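J.: Encoded as structure tokens, here's the structure I'll be asking about.
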Amino acid sequence: MNAKTVKLEGGLYFVATPIGTARDITLRALDILASADVLAAEDTRSMRRLMDIHGIALGDRPLMSYHDHNGARARPRLMQYLAEGRSVAYASEAGTPLIADPGYDLSIEAATAGYFVTSAPGPTAIATALTLAGLPTDKFLFAGFLPNSKSARISAIETLREVPATLVFYESPKRIGAMLLDCQSVLGDRKAAVCRELTKKFEEIRRGTLGELAVGMKEKPVKGEIVVVIDRVGQSTVNPSDLEADLRDALSRMTVRDASDVVAGAHGLPRRKVYQLALGLDRDNEQADDG
Ligand code: SAM
């Protein structure tokens, strides 16, 4: 057994757990799981399995279920344990609690009540995917899961179009094909990576443009857990004369605003920059017509 029993101060301990490989857990996380007075988990069966693998006995300590659907009911009990000065360890099913996982309300409530709240950091699929995607990591925006319905998904992607940071999404294998196509149509054919089954036996990273990845999904669909990483706006290496030709063509059929939106999306360029260019071309056209 790697864990040792330690004296823990009363308070709330968020514990990150592996996202695949069981040994991706920190020694401190094991110590906390071995020592906390009370354990709480999003999925008590996964928690028991993890403790078994690492030789940690539950003994007569309570193991409570705490997830999105019972949070309001379960929280008062956990708060009562904190009020009694007990140490409470909480883990979500996999990875870091609160990251697309439960724990936010508990964290706020415990901190607001003045209890000691800490985290034993560890794996999260966000950081693991960023490490492997082959895209810039200096600035990134984690956008969680996109909505299921196409129209809501498109609207959500539109809000991210101008963000000057690498975009990170969680996605399901059922929706990945549609999601990649919607991202391509709104963001342009940016570079991206589909990172699947990270730290597990069938770990796979597919890199390419959004369009290439979408085609790949049709040819060889994927299973398992997925993170999609997409390059930021403005990384397109479009030739200026191609850009101008596309804009002129779009301007012959659309308003300046619509033409800028369509061309900026197609080339993955900032809308404002393309709009300025479109305004200039439109002015040239008007002057040519007047003359
Ligand atoms: N709290 C977790 C974390 O820190 O990453 C995320 C929990 S969220 C409910 C589950 C989603 O995370 C999955 O649907 C998938 O998008 C992503 N994910 C979790 N584990 C993964 C893995 N091993 N490989 C790829 N994606 C993973």
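Just so we're on the same page: first chain in the structure tokens is A, next is B, and so on; residues restart at 1 for each chain, and ligands are numbered from 1 in the order they show up.
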Excluding Val228 of chain A and residues on its chain fewer than 4 positions from it, collect all residues at most 6 Å away from it, counting only C-alpha atoms, and give them as JSON, numbers by chain.
T.: {"A": [168, 169, 193, 194]}
J.: As an MDAnalysis selection string, please: all residues of segment 15-258 of chain A that backbone DSSP puts in helix (DSSP H, G or I).
T.: chainID A and resid 27:35 44:53 71:83 104:112 125:133 150:158 176:187 210:219 240:251 256:258
J.: Kindly indicate which residue among A:Glu286, A:Asp24, A:Glu158, A:Asp249 lies nearest to ligand 1, using only C-alpha atoms and all ligand atoms for the distances.
T.: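 Using only C-alpha atoms and all ligand atoms, the shortest distance to ligand 1 belongs to A:Asp24.
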J.: Show me which residues are within 10 Å of ligand 1 counting only C-alpha atoms and all ligand atoms, and format the list as a VMD selection string.
T.: chain A and resid 16 to 21 91 to 102 121 to 129 144 to 145 168 to 173 194 to 205 224 to 228
J.: Restricting it to N, CA and C atoms, dump the selection as a compact mmCIF listing (two decimals), in the first residue's frame.
T.:
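result.txt, freshly written:
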```txt
# COMPACT_ATOMS: atom_id res chain seq x y z
N ALA A 16 -8.46 14.89 -6.61
CA ALA A 16 -8.48 14.51 -8.03
C ALA A 16 -8.13 13.03 -8.15
N THR A 17 -8.83 12.34 -9.04
CA THR A 17 -8.61 10.91 -9.24
C THR A 17 -8.25 10.66 -10.71
N PRO A 18 -7.76 9.48 -11.04
CA PRO A 18 -7.29 9.22 -12.41
C PRO A 18 -8.40 9.34 -13.46
N ILE A 19 -8.00 9.67 -14.70
CA ILE A 19 -8.97 9.72 -15.80
C ILE A 19 -8.88 8.44 -16.65
N GLY A 20 -8.14 7.47 -16.18
CA GLY A 20 -8.02 6.21 -16.93
C GLY A 20 -7.15 5.24 -16.17
N THR A 21 -5.87 5.54 -16.15
CA THR A 21 -4.92 4.64 -15.50
C THR A 21 -4.93 4.86 -13.98
N ALA A 91 -14.41 13.15 -3.97
CA ALA A 91 -13.86 12.88 -5.31
C ALA A 91 -15.01 12.70 -6.29
N SER A 92 -14.83 13.24 -7.50
CA SER A 92 -15.83 12.98 -8.54
C SER A 92 -15.46 11.66 -9.22
N GLU A 93 -16.23 11.27 -10.23
CA GLU A 93 -16.03 9.93 -10.78
C GLU A 93 -14.63 9.77 -11.37
N ALA A 94 -14.15 10.81 -12.05
CA ALA A 94 -12.81 10.74 -12.62
C ALA A 94 -12.27 12.15 -12.81
N GLY A 95 -10.97 12.29 -12.65
CA GLY A 95 -10.34 13.59 -12.89
C GLY A 95 -10.55 14.54 -11.71
N THR A 96 -10.57 15.81 -12.04
CA THR A 96 -10.62 16.85 -11.01
C THR A 96 -12.07 17.24 -10.71
N PRO A 97 -12.48 17.21 -9.44
CA PRO A 97 -13.84 17.65 -9.11
C PRO A 97 -14.05 19.08 -9.58
N LEU A 98 -15.29 19.43 -9.86
CA LEU A 98 -15.69 20.78 -10.32
C LEU A 98 -15.37 21.04 -11.80
N ILE A 99 -14.49 20.24 -12.40
CA ILE A 99 -14.20 20.44 -13.83
C ILE A 99 -15.18 19.56 -14.60
N ALA A 100 -16.26 20.20 -15.10
CA ALA A 100 -17.37 19.48 -15.74
C ALA A 100 -17.84 18.34 -14.84
N ASP A 101 -17.78 18.55 -13.56
CA ASP A 101 -18.14 17.55 -12.56
C ASP A 101 -18.71 18.27 -11.33
N PRO A 102 -19.40 17.52 -10.45
CA PRO A 102 -19.98 18.17 -9.28
C PRO A 102 -18.93 18.69 -8.29
N PRO A 121 -4.53 18.26 -5.96
CA PRO A 121 -4.65 18.31 -7.42
C PRO A 121 -4.12 17.04 -8.08
N GLY A 122 -4.54 16.85 -9.31
CA GLY A 122 -4.10 15.65 -10.03
C GLY A 122 -4.60 15.71 -11.46
N PRO A 123 -4.95 14.56 -12.02
CA PRO A 123 -5.30 14.52 -13.44
C PRO A 123 -6.55 15.30 -13.78
N THR A 124 -6.54 15.87 -14.97
CA THR A 124 -7.75 16.37 -15.60
C THR A 124 -7.57 16.17 -17.10
N ALA A 125 -8.66 15.85 -17.78
CA ALA A 125 -8.55 15.57 -19.22
C ALA A 125 -8.15 16.84 -19.98
N ILE A 126 -8.48 18.01 -19.44
CA ILE A 126 -8.12 19.27 -20.13
C ILE A 126 -6.60 19.34 -20.31
N ALA A 127 -5.89 19.25 -19.21
CA ALA A 127 -4.43 19.43 -19.26
C ALA A 127 -3.77 18.29 -20.05
N THR A 128 -4.31 17.10 -19.90
CA THR A 128 -3.72 15.95 -20.60
C THR A 128 -3.87 16.14 -22.11
N ALA A 129 -5.05 16.59 -22.54
CA ALA A 129 -5.26 16.81 -23.98
C ALA A 129 -4.39 17.95 -24.50
N GLY A 144 -16.10 23.35 -21.91
CA GLY A 144 -16.93 22.25 -21.42
C GLY A 144 -17.60 21.49 -22.55
N PHE A 145 -18.81 21.01 -22.30
CA PHE A 145 -19.60 20.30 -23.33
C PHE A 145 -20.45 21.33 -24.07
N VAL A 168 -10.86 24.42 -25.83
CA VAL A 168 -10.88 23.02 -25.38
C VAL A 168 -12.33 22.64 -25.06
N PHE A 169 -12.79 21.52 -25.62
CA PHE A 169 -14.16 21.05 -25.41
C PHE A 169 -14.13 19.60 -24.95
N TYR A 170 -15.12 19.23 -24.15
CA TYR A 170 -15.39 17.82 -23.90
C TYR A 170 -16.50 17.43 -24.88
N GLU A 171 -16.44 16.20 -25.39
CA GLU A 171 -17.45 15.81 -26.38
C GLU A 171 -17.72 14.31 -26.27
N SER A 172 -18.89 13.91 -26.76
CA SER A 172 -19.23 12.48 -26.71
C SER A 172 -19.00 11.88 -28.11
N PRO A 173 -18.72 10.59 -28.17
CA PRO A 173 -18.48 9.96 -29.48
C PRO A 173 -19.71 10.04 -30.39
N VAL A 194 -8.39 15.73 -31.98
CA VAL A 194 -9.36 14.93 -31.23
C VAL A 194 -8.53 13.98 -30.35
N CYS A 195 -8.66 14.16 -29.04
CA CYS A 195 -7.83 13.40 -28.08
C CYS A 195 -8.76 12.43 -27.36
N ARG A 196 -8.49 11.15 -27.51
CA ARG A 196 -9.47 10.14 -27.11
C ARG A 196 -8.84 9.13 -26.15
N GLU A 197 -9.65 8.71 -25.17
CA GLU A 197 -9.24 7.64 -24.25
C GLU A 197 -7.86 7.90 -23.63
N LEU A 198 -7.69 9.13 -23.19
CA LEU A 198 -6.38 9.54 -22.66
C LEU A 198 -5.98 8.69 -21.45
N THR A 199 -4.75 8.31 -21.42
CA THR A 199 -4.12 7.47 -20.38
C THR A 199 -4.65 6.03 -20.38
N LYS A 200 -5.51 5.69 -21.34
CA LYS A 200 -6.07 4.33 -21.36
C LYS A 200 -5.44 3.52 -22.50
N LYS A 201 -5.85 2.27 -22.59
CA LYS A 201 -5.25 1.35 -23.55
C LYS A 201 -5.38 1.86 -24.99
N PHE A 202 -6.54 2.42 -25.32
CA PHE A 202 -6.76 2.84 -26.72
C PHE A 202 -6.59 4.34 -26.91
N GLU A 203 -5.68 4.92 -26.14
CA GLU A 203 -5.39 6.36 -26.29
C GLU A 203 -5.05 6.65 -27.76
N GLU A 204 -5.65 7.72 -28.27
CA GLU A 204 -5.39 8.08 -29.68
C GLU A 204 -5.52 9.59 -29.84
N ILE A 205 -4.59 10.20 -30.59
CA ILE A 205 -4.69 11.62 -30.89
C ILE A 205 -4.78 11.75 -32.40
N GLY A 224 -15.48 5.92 -26.90
CA GLY A 224 -14.78 6.32 -25.68
C GLY A 224 -14.91 7.78 -25.35
N GLU A 225 -14.01 8.23 -24.46
CA GLU A 225 -14.08 9.61 -23.96
C GLU A 225 -13.20 10.52 -24.82
N ILE A 226 -13.70 11.74 -25.05
CA ILE A 226 -13.04 12.60 -26.04
C ILE A 226 -12.87 14.04 -25.54
N VAL A 227 -11.70 14.60 -25.85
CA VAL A 227 -11.48 16.04 -25.71
C VAL A 227 -11.13 16.58 -27.10
N VAL A 228 -11.77 17.69 -27.49
CA VAL A 228 -11.45 18.33 -28.77
C VAL A 228 -10.71 19.63 -28.47
```
J.: Could you give me, as an MDAnalysis selection string, the residues within 10 Å of Asp37 of chain A, counting only C-alpha atoms and dropping anything in the same chain fewer than 6 positions from it?
T.: chainID A and resid 7:8 10:11 58 60:63 81 85:89
J.: Export C-alpha atoms of the chosen residues as a PDB file, in the first residue's frame?
T.:
```pdb
ATOM      1  CA  LYS A   7      -3.720  13.487  10.896  1.00  0.00           C
ATOM      2  CA  LEU A   8      -5.938  15.722   8.792  1.00  0.00           C
ATOM      3  CA  GLY A  10     -11.041  19.334   9.895  1.00  0.00           C
ATOM      4  CA  GLY A  11     -12.299  20.642   6.548  1.00  0.00           C
ATOM      5  CA  LEU A  58     -12.842   2.136   4.268  1.00  0.00           C
ATOM      6  CA  ASP A  60     -16.153   2.091   9.619  1.00  0.00           C
ATOM      7  CA  ARG A  61     -15.905   5.490   7.942  1.00  0.00           C
ATOM      8  CA  PRO A  62     -18.996   6.765   6.138  1.00  0.00           C
ATOM      9  CA  LEU A  63     -18.873   6.794   2.326  1.00  0.00           C
ATOM     10  CA  TYR A  81     -19.699  16.826   9.420  1.00  0.00           C
ATOM     11  CA  GLY A  85     -14.699  19.483  12.872  1.00  0.00           C
ATOM     12  CA  ARG A  86     -14.379  16.344  10.734  1.00  0.00           C
ATOM     13  CA  SER A  87     -12.249  15.998   7.632  1.00  0.00           C
ATOM     14  CA  VAL A  88     -14.335  15.268   4.531  1.00  0.00           C
ATOM     15  CA  ALA A  89     -12.732  14.028   1.286  1.00  0.00           C
TER      16      ALA A  89
END
```
J.: Kindly give the distance, in Å, that separates atom CA of Arg272 of chain A and atom CA of Ala250 of chain A, rounded to a single decimal.
T.: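 So the answer is 16.1 Å.
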J.: List as a list in words the protein and nucleic acid residues near Ile108 of chain A, meaning an atom at most 12 Å away when only C-alpha atoms are counted, but skip any in the same chain fewer than 2 places from it.
T.: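 Within the cut-off, the hits are Leu12, Arg75, Met79, Leu98, Pro102, Gly103, Tyr104, Asp105, Leu106, Ala110, Ala111, Thr112, Ala113, Gly114, Tyr115, Phe116, Val117 and Thr118 of chain A.
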J.: Using only all heavy atoms, please write the residues we just selected to a file, as a tab-separated table (two decimals), in the first residue's frame.
T.:
```tsv
chain	number	residue	atom	x	y	z
A	12	LEU	N	-12.74	20.45	4.21
A	12	LEU	CA	-13.15	19.79	2.98
A	12	LEU	C	-11.94	19.62	2.06
A	12	LEU	O	-11.25	20.59	1.75
A	12	LEU	CB	-14.23	20.64	2.31
A	12	LEU	CG	-14.79	20.17	0.99
A	12	LEU	CD1	-15.43	18.79	1.11
A	12	LEU	CD2	-15.84	21.19	0.49
A	75	ARG	N	-25.89	17.79	0.78
A	75	ARG	CA	-24.97	18.83	1.27
A	75	ARG	C	-25.13	19.13	2.77
A	75	ARG	O	-24.13	19.24	3.47
A	75	ARG	CB	-25.14	20.11	0.44
A	75	ARG	CG	-23.81	20.66	0.04
A	75	ARG	CD	-23.80	21.72	-1.01
A	75	ARG	NE	-25.03	22.36	-1.32
A	75	ARG	CZ	-25.74	22.14	-2.43
A	75	ARG	NH1	-25.31	21.27	-3.32
A	75	ARG	NH2	-26.86	22.78	-2.65
A	79	MET	N	-22.14	19.32	5.44
A	79	MET	CA	-21.89	20.56	6.19
A	79	MET	C	-21.91	20.27	7.70
A	79	MET	O	-21.15	20.86	8.46
A	79	MET	CB	-22.93	21.64	5.84
A	79	MET	CG	-22.86	22.13	4.40
A	79	MET	SD	-21.27	22.88	3.96
A	79	MET	CE	-21.38	24.37	4.92
A	98	LEU	N	-15.29	19.43	-9.86
A	98	LEU	CA	-15.69	20.78	-10.32
A	98	LEU	C	-15.37	21.04	-11.80
A	98	LEU	O	-15.86	22.00	-12.38
A	98	LEU	CB	-15.08	21.92	-9.50
A	98	LEU	CG	-15.72	22.23	-8.15
A	98	LEU	CD1	-15.23	21.26	-7.08
A	98	LEU	CD2	-15.45	23.65	-7.71
A	102	PRO	N	-19.40	17.52	-10.45
A	102	PRO	CA	-19.98	18.17	-9.28
A	102	PRO	C	-18.93	18.69	-8.29
A	102	PRO	O	-17.76	18.30	-8.36
A	102	PRO	CB	-20.77	17.04	-8.60
A	102	PRO	CG	-20.84	15.93	-9.59
A	102	PRO	CD	-19.68	16.08	-10.52
A	103	GLY	N	-19.39	19.55	-7.37
A	103	GLY	CA	-18.52	20.03	-6.30
A	103	GLY	C	-18.58	21.54	-6.11
A	103	GLY	O	-18.18	22.05	-5.06
A	104	TYR	N	-19.08	22.25	-7.12
A	104	TYR	CA	-19.06	23.72	-7.06
A	104	TYR	C	-19.87	24.24	-5.87
A	104	TYR	O	-19.37	25.03	-5.06
A	104	TYR	CB	-19.58	24.29	-8.38
A	104	TYR	CG	-19.71	25.78	-8.38
A	104	TYR	CD1	-18.58	26.60	-8.40
A	104	TYR	CD2	-20.96	26.40	-8.35
A	104	TYR	CE1	-18.69	27.98	-8.39
A	104	TYR	CE2	-21.09	27.78	-8.34
A	104	TYR	CZ	-19.95	28.57	-8.35
A	104	TYR	OH	-20.07	29.92	-8.34
A	105	ASP	N	-21.13	23.79	-5.74
A	105	ASP	CA	-21.99	24.29	-4.66
A	105	ASP	C	-21.39	23.94	-3.29
A	105	ASP	O	-21.44	24.73	-2.36
A	105	ASP	CB	-23.39	23.70	-4.77
A	105	ASP	CG	-24.10	24.24	-6.01
A	105	ASP	OD1	-23.81	25.38	-6.41
A	105	ASP	OD2	-24.93	23.50	-6.58
A	106	LEU	N	-20.85	22.74	-3.22
A	106	LEU	CA	-20.25	22.30	-1.96
A	106	LEU	C	-19.06	23.18	-1.60
A	106	LEU	O	-18.89	23.61	-0.45
A	106	LEU	CB	-19.82	20.83	-2.12
A	106	LEU	CG	-19.21	20.14	-0.90
A	106	LEU	CD1	-20.18	20.15	0.27
A	106	LEU	CD2	-18.81	18.71	-1.25
A	110	ALA	N	-19.07	25.52	1.72
A	110	ALA	CA	-18.10	25.26	2.78
A	110	ALA	C	-17.19	26.48	2.99
A	110	ALA	O	-16.90	26.86	4.14
A	110	ALA	CB	-17.26	24.04	2.43
A	111	ALA	N	-16.77	27.10	1.89
A	111	ALA	CA	-15.88	28.27	2.01
A	111	ALA	C	-16.62	29.44	2.64
A	111	ALA	O	-16.08	30.15	3.50
A	111	ALA	CB	-15.33	28.65	0.64
A	112	THR	N	-17.88	29.64	2.23
A	112	THR	CA	-18.66	30.76	2.77
A	112	THR	C	-18.89	30.58	4.27
A	112	THR	O	-18.90	31.55	5.03
A	112	THR	CB	-20.03	30.86	2.04
A	112	THR	OG1	-19.77	30.89	0.64
A	112	THR	CG2	-20.80	32.09	2.44
A	113	ALA	N	-19.06	29.33	4.69
A	113	ALA	CA	-19.28	29.08	6.12
A	113	ALA	C	-17.97	29.18	6.90
A	113	ALA	O	-17.96	29.04	8.13
A	113	ALA	CB	-19.90	27.69	6.29
A	114	GLY	N	-16.87	29.38	6.19
A	114	GLY	CA	-15.59	29.60	6.88
A	114	GLY	C	-14.80	28.35	7.17
A	114	GLY	O	-13.82	28.40	7.92
A	115	TYR	N	-15.18	27.21	6.59
A	115	TYR	CA	-14.41	25.98	6.84
A	115	TYR	C	-13.16	25.95	5.98
A	115	TYR	O	-13.10	26.57	4.92
A	115	TYR	CB	-15.28	24.74	6.55
A	115	TYR	CG	-16.49	24.68	7.43
A	115	TYR	CD1	-17.77	24.63	6.89
A	115	TYR	CD2	-16.35	24.69	8.82
A	115	TYR	CE1	-18.88	24.60	7.70
A	115	TYR	CE2	-17.47	24.66	9.63
A	115	TYR	CZ	-18.73	24.62	9.08
A	115	TYR	OH	-19.82	24.60	9.88
A	116	PHE	N	-12.20	25.17	6.44
A	116	PHE	CA	-10.98	24.96	5.67
A	116	PHE	C	-11.34	24.14	4.42
A	116	PHE	O	-11.96	23.09	4.51
A	116	PHE	CB	-9.99	24.20	6.57
A	116	PHE	CG	-8.76	23.71	5.87
A	116	PHE	CD1	-7.81	24.60	5.39
A	116	PHE	CD2	-8.55	22.34	5.71
A	116	PHE	CE1	-6.67	24.13	4.75
A	116	PHE	CE2	-7.41	21.87	5.08
A	116	PHE	CZ	-6.48	22.77	4.59
A	117	VAL	N	-10.96	24.67	3.26
A	117	VAL	CA	-11.24	23.95	2.00
A	117	VAL	C	-9.94	23.87	1.22
A	117	VAL	O	-9.26	24.89	1.02
A	117	VAL	CB	-12.28	24.70	1.13
A	117	VAL	CG1	-12.55	23.94	-0.17
A	117	VAL	CG2	-13.58	24.91	1.90
A	118	THR	N	-9.58	22.68	0.79
A	118	THR	CA	-8.34	22.54	0.01
A	118	THR	C	-8.52	21.51	-1.11
A	118	THR	O	-9.56	20.87	-1.20
A	118	THR	CB	-7.15	22.20	0.93
A	118	THR	OG1	-5.94	22.34	0.17
A	118	THR	CG2	-7.24	20.77	1.46
```
J.: Hey, what does DSSP flag as strand (DSSP E or B) within segment 91-168 of chain A? Can you give it to me as an NGL selection string?
T.: :A and (91 or 95 or 117-120 or 140-145 or 166-168)
J.: One decimal, Å: what's the distance from atom CA of Leu180 of chain A over to atom CA of Ala214 of chain A, could you say?
T.: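 Distance between the two atoms: 5.6 Å.
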J.: Rounded to one decimal place, report the atom CA of Val15 of chain A-atom CA of Ala120 of chain A distance in Å.
T.: 4.9 Å
J.: Nearest residue to Leu135 of chain A out of A:Thr209, A:Ser107, A:Gln80, A:Ser185, using only C-alpha atoms?
T.: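 Among the listed residues, the smallest separation from Leu135 of chain A belongs to A:Thr209.
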J.: Residues near Ala178 of chain A, anyone? I mean within 12 Å using only C-alpha atoms, not counting same-chain ones fewer than 3 positions away, as a list in words.
T.: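 With the cut-off at 12 Å, the set is Leu146, Pro147, Asn148, Ser149, Lys150, Ser151, Arg153, Ile154, Glu171, Ser172, Pro173, Lys174, Arg175, Leu181, Asp182, Cys183, Gln184, Ser185, Leu210, Gly211, Leu213, Ala214, Val215, Met217, Lys218 and Pro221 of chain A.
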J.: Which of these, A:Ala22, A:Thr159, A:Glu212, A:Ala143, has the shortest distance to Arg49 of chain A once you count only C-alpha atoms?
T.: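 Of A:Ala22, A:Thr159, A:Glu212, A:Ala143, the one nearest Arg49 of chain A is A:Ala22, counting only C-alpha atoms.
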J.: Using only C-alpha atoms, which of A:Ala29, A:Ile53, A:Val233, A:Leu187 sits nearest Ala165 of chain A?
T.: A:Val233
